[in-house]
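Novice: Attaching a single structure in structure tokens format; questions to follow.
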Amino acid sequence: MKVVINRTDAIGDTILTIPMARKLKSHFTNCQVIFIVAPKTVPLFELNPIVDEYWVYDKKKSKLSNFISLREKFQKTKITHYFHVGGSHIPSLAAVSAGINFRGGILNEWPSFFLLNKGSRQRRSLVEMHESEYNINLLQPLGVNYHYTEKEKCGPTVFLGEEEKEKARLGFKQQVEKEGQTYKNELIFIHPGIAGQGLNWSPKNYARLIYKLENTFPGKYLYVLSFTSSDMSYIKGVNEQLGQKNFSFLKEKVYYFNGELKGLRDYMAVLANAFLFVGPNTGMTHLANIMGVNVVAIYSPIKVQSSLRWGPFYRDKVQVVAPDVVCGEKFECAGSSCLYYECMGKVEVDEVFEAVQKFLPLT
């Protein structure tokens, strides 16, 4: 049995699809699982013991080129089952053309109704379970049933060897010291950016959190402000706050870490050495979580953006903070017509600080 799972979109979404592979392999002992992924998520699958192989769907290439390449791979590899979970439908079209008789996945966008003959209708907007569990339930047409008590057994993972993590740590240390800053073994990652349309905490508040932490634990931590090019608007807001006169003492305490410079694999390896991660509902938060880093995650109260559906998978080292409001919106913010408009501003710095303190020593 050879199964292909198509997940050619965001990092966090892809991480929460990996549990499908674990469930498949536990149910079918001789099952081989292949993922079709976007170039940016390839590092999640390198050396990953859960996945037998991965194919890259590169949007920089033409749709025709991707279609022909995938159809040939489907036929050459003799794929028996195909699932579309998210991203481009070109792989689904290639699966049809290659003669794959079982084509499952989520029935939502109109192409899925034509291309998937074993698809599943799911009302994910009801938020009755975690996103990873919705994904696992797509396997039901195969006779694979899931119970919530199995969740931990299906957890996502990436593989990073100790040697790789140590090499990344030393490289990061050299990079920090080369730029004239003092490296600390205890790293606190602050990631203020969010790629999607979800509500986020004010960038200035992330800076204020660093201020409060440093005043409480002077000289103990290096604050790693991580970002990519898509996060620059958030970084600008953090910079505005850090530029205030009474924040000037933080100049040598905060290191700006562009995760794109050396790629996601290096970012993951450096992050794996961190003591704590603070961020919103973003792929980096999910990465920190599955690598065992303590996480404080700041989430929107809007139903489809909530932590119930999109929260970090493993909850034993996680503190989730959200506005204490009764949000009546399912999909997006109602704006100024809402009684709790700008509800993310109701999340106080002290509230996030208290969540962080649960992971920090008392002295």
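Here, A, B, ... name the chains of the structure tokens in the order displayed, residue numbers run from 1 inside each chain, and ligands are numbered from 1 in the same displayed order.
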Just want the 12 Å neighbourhood of Ile34 of chain A, counted on only C-alpha atoms, with same-chain residues fewer than 6 positions away dropped. Output as an MDAnalysis selection string.
Specialist: chainID A and resid 1:7 18 20:22 24:25 45 48:56 73:74 77:83
Novice: May I have the residues within 12 Å of Leu126 of chain A as a PDB file with N, CA and C atoms, in the first residue's frame, using only C-alpha atoms and disregarding those fewer than 5 positions away in the same chain?
Specialist:
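Below is the file that was written, out.pdb:
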ATOM      1  N   GLU A 131      -7.258  20.622  14.623  1.00  0.00           N
ATOM      2  CA  GLU A 131      -7.029  20.504  13.174  1.00  0.00           C
ATOM      3  C   GLU A 131      -6.382  19.179  12.804  1.00  0.00           C
ATOM      4  N   TYR A 134      -9.068  16.541  12.644  1.00  0.00           N
ATOM      5  CA  TYR A 134      -9.845  16.633  11.405  1.00  0.00           C
ATOM      6  C   TYR A 134      -9.089  15.947  10.266  1.00  0.00           C
ATOM      7  N   ILE A 302     -11.652  34.379  17.970  1.00  0.00           N
ATOM      8  CA  ILE A 302     -12.542  34.034  16.857  1.00  0.00           C
ATOM      9  C   ILE A 302     -12.556  32.525  16.693  1.00  0.00           C
ATOM     10  N   LYS A 303     -13.728  31.962  16.476  1.00  0.00           N
ATOM     11  CA  LYS A 303     -13.924  30.524  16.574  1.00  0.00           C
ATOM     12  C   LYS A 303     -12.951  29.712  15.717  1.00  0.00           C
ATOM     13  N   VAL A 304     -12.850  30.021  14.424  1.00  0.00           N
ATOM     14  CA  VAL A 304     -12.002  29.190  13.557  1.00  0.00           C
ATOM     15  C   VAL A 304     -10.518  29.472  13.743  1.00  0.00           C
ATOM     16  N   GLN A 305     -10.187  30.525  14.507  1.00  0.00           N
ATOM     17  CA  GLN A 305      -8.782  30.841  14.780  1.00  0.00           C
ATOM     18  C   GLN A 305      -8.363  30.404  16.184  1.00  0.00           C
ATOM     19  N   SER A 306      -9.274  29.822  16.914  1.00  0.00           N
ATOM     20  CA  SER A 306      -9.046  29.543  18.328  1.00  0.00           C
ATOM     21  C   SER A 306      -8.028  28.436  18.561  1.00  0.00           C
ATOM     22  N   LEU A 308      -8.485  25.857  20.333  1.00  0.00           N
ATOM     23  CA  LEU A 308      -9.128  24.543  20.319  1.00  0.00           C
ATOM     24  C   LEU A 308      -8.865  23.842  18.997  1.00  0.00           C
ATOM     25  N   ARG A 309      -8.886  24.614  17.915  1.00  0.00           N
ATOM     26  CA  ARG A 309      -8.637  24.025  16.600  1.00  0.00           C
ATOM     27  C   ARG A 309      -7.171  24.115  16.196  1.00  0.00           C
ATOM     28  N   GLU A 329     -18.024  35.776  16.815  1.00  0.00           N
ATOM     29  CA  GLU A 329     -17.663  35.642  15.405  1.00  0.00           C
ATOM     30  C   GLU A 329     -17.080  34.263  15.122  1.00  0.00           C
ATOM     31  N   LYS A 330     -17.453  33.730  13.963  1.00  0.00           N
ATOM     32  CA  LYS A 330     -16.984  32.410  13.588  1.00  0.00           C
ATOM     33  C   LYS A 330     -15.748  32.475  12.696  1.00  0.00           C
ATOM     34  N   PHE A 331     -15.749  33.391  11.714  1.00  0.00           N
ATOM     35  CA  PHE A 331     -14.692  33.381  10.709  1.00  0.00           C
ATOM     36  C   PHE A 331     -13.725  34.567  10.794  1.00  0.00           C
TER      37      PHE A 331
END
Novice: Write out as a PyMOL selection string all residues of segment 236-360 of chain A that backbone DSSP assigns to strand (DSSP E or B).
Specialist: chain A and resi 254-258+276-280+294-298+318-321
Novice: Quick one, how far is atom CA of Pro43 of chain A from atom CA of Thr14 of chain A?
Specialist: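 If I compute the distance from atom CA of Pro43 of chain A to atom CA of Thr14 of chain A, I get 11.4 Å.
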Novice: Excluding same-chain residues fewer than 2 positions from Lys212 of chain A, what lies within 12 Å of it counting only C-alpha atoms, as a ChimeraX atom specification?
Specialist: /A:205-210,214-218,223,246-247,250,349-354,356-357
Novice: Can you tell me how far atom CA of Glu166 of chain A sits from atom CA of Lys317 of chain A, in Å to one decimal?
Specialist: 22.4 Å
Novice: For Ala168 of chain A, find every residue with an atom within 10 Å (counting only C-alpha atoms), except residues of its own chain fewer than 4 positions away, and show them as a list in words.
Specialist: Glu162, Glu163, Glu164, Phe172, Lys173, Gln174, Arg265, Asp266, Tyr267, Met268, Ala269, Val270, Leu271, Ala272 and Asn273 of chain A
Novice: Could you state the separation of atom CA of Tyr255 of chain A and atom CA of Gly171 of chain A in Å, given to one decimal place?
Specialist: 14.2 Å
Novice: Within 9 Å of segment 136-150 of chain A, counting only C-alpha atoms, which residues show up once you throw out same-chain ones fewer than 6 positions away? Write them as a PyMOL selection string, please.
Specialist: chain A and resi 17+19-21+23-24+27+83+85+104-106+118-122+129
Novice: Residues of the last selection are to be written out with N, CA and C atoms, as a tab-separated table (two decimals), in the first residue's frame.
Specialist:
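again-v8.tsv written:
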chain	number	residue	atom	x	y	z
A	17	THR	N	-0.59	17.94	9.64
A	17	THR	CA	-1.01	16.87	8.73
A	17	THR	C	-0.16	15.62	8.92
A	19	PRO	N	0.35	13.86	11.51
A	19	PRO	CA	-0.33	12.78	12.25
A	19	PRO	C	-1.07	11.79	11.36
A	20	MET	N	-1.49	12.19	10.17
A	20	MET	CA	-2.12	11.25	9.25
A	20	MET	C	-1.17	10.10	8.93
A	21	ALA	N	0.10	10.44	8.73
A	21	ALA	CA	1.09	9.42	8.39
A	21	ALA	C	1.29	8.45	9.55
A	23	LYS	N	-0.86	7.69	11.89
A	23	LYS	CA	-2.05	6.85	12.02
A	23	LYS	C	-2.08	5.77	10.93
A	24	LEU	N	-1.73	6.14	9.71
A	24	LEU	CA	-1.69	5.17	8.62
A	24	LEU	C	-0.72	4.04	8.91
A	27	HIS	N	-1.93	1.61	11.51
A	27	HIS	CA	-3.08	0.81	11.08
A	27	HIS	C	-2.70	-0.20	10.00
A	83	PHE	N	-4.47	11.46	-1.09
A	83	PHE	CA	-5.29	12.33	-0.26
A	83	PHE	C	-4.89	13.79	-0.51
A	85	VAL	N	-5.19	17.30	1.19
A	85	VAL	CA	-5.52	17.91	2.48
A	85	VAL	C	-5.45	19.43	2.41
A	104	GLY	N	-8.87	10.45	-1.90
A	104	GLY	CA	-9.59	10.99	-0.76
A	104	GLY	C	-9.14	12.39	-0.41
A	105	GLY	N	-9.63	12.86	0.73
A	105	GLY	CA	-9.26	14.19	1.18
A	105	GLY	C	-10.47	14.99	1.58
A	106	ILE	N	-10.27	16.28	1.76
A	106	ILE	CA	-11.34	17.15	2.23
A	106	ILE	C	-12.10	17.75	1.04
A	118	LYS	N	-13.30	9.78	-3.12
A	118	LYS	CA	-13.44	9.25	-1.76
A	118	LYS	C	-13.26	10.37	-0.73
A	119	GLY	N	-13.65	11.56	-1.13
A	119	GLY	CA	-13.48	12.71	-0.26
A	119	GLY	C	-14.46	12.74	0.89
A	120	SER	N	-14.17	13.57	1.88
A	120	SER	CA	-14.99	13.66	3.09
A	120	SER	C	-15.46	15.10	3.29
A	121	ARG	N	-16.73	15.25	3.62
A	121	ARG	CA	-17.25	16.55	3.99
A	121	ARG	C	-17.01	16.76	5.48
A	122	GLN	N	-16.40	17.87	5.82
A	122	GLN	CA	-16.15	18.18	7.23
A	122	GLN	C	-16.53	19.63	7.50
A	129	MET	N	-13.00	19.80	17.17
A	129	MET	CA	-11.78	19.08	17.49
A	129	MET	C	-10.58	19.84	16.96
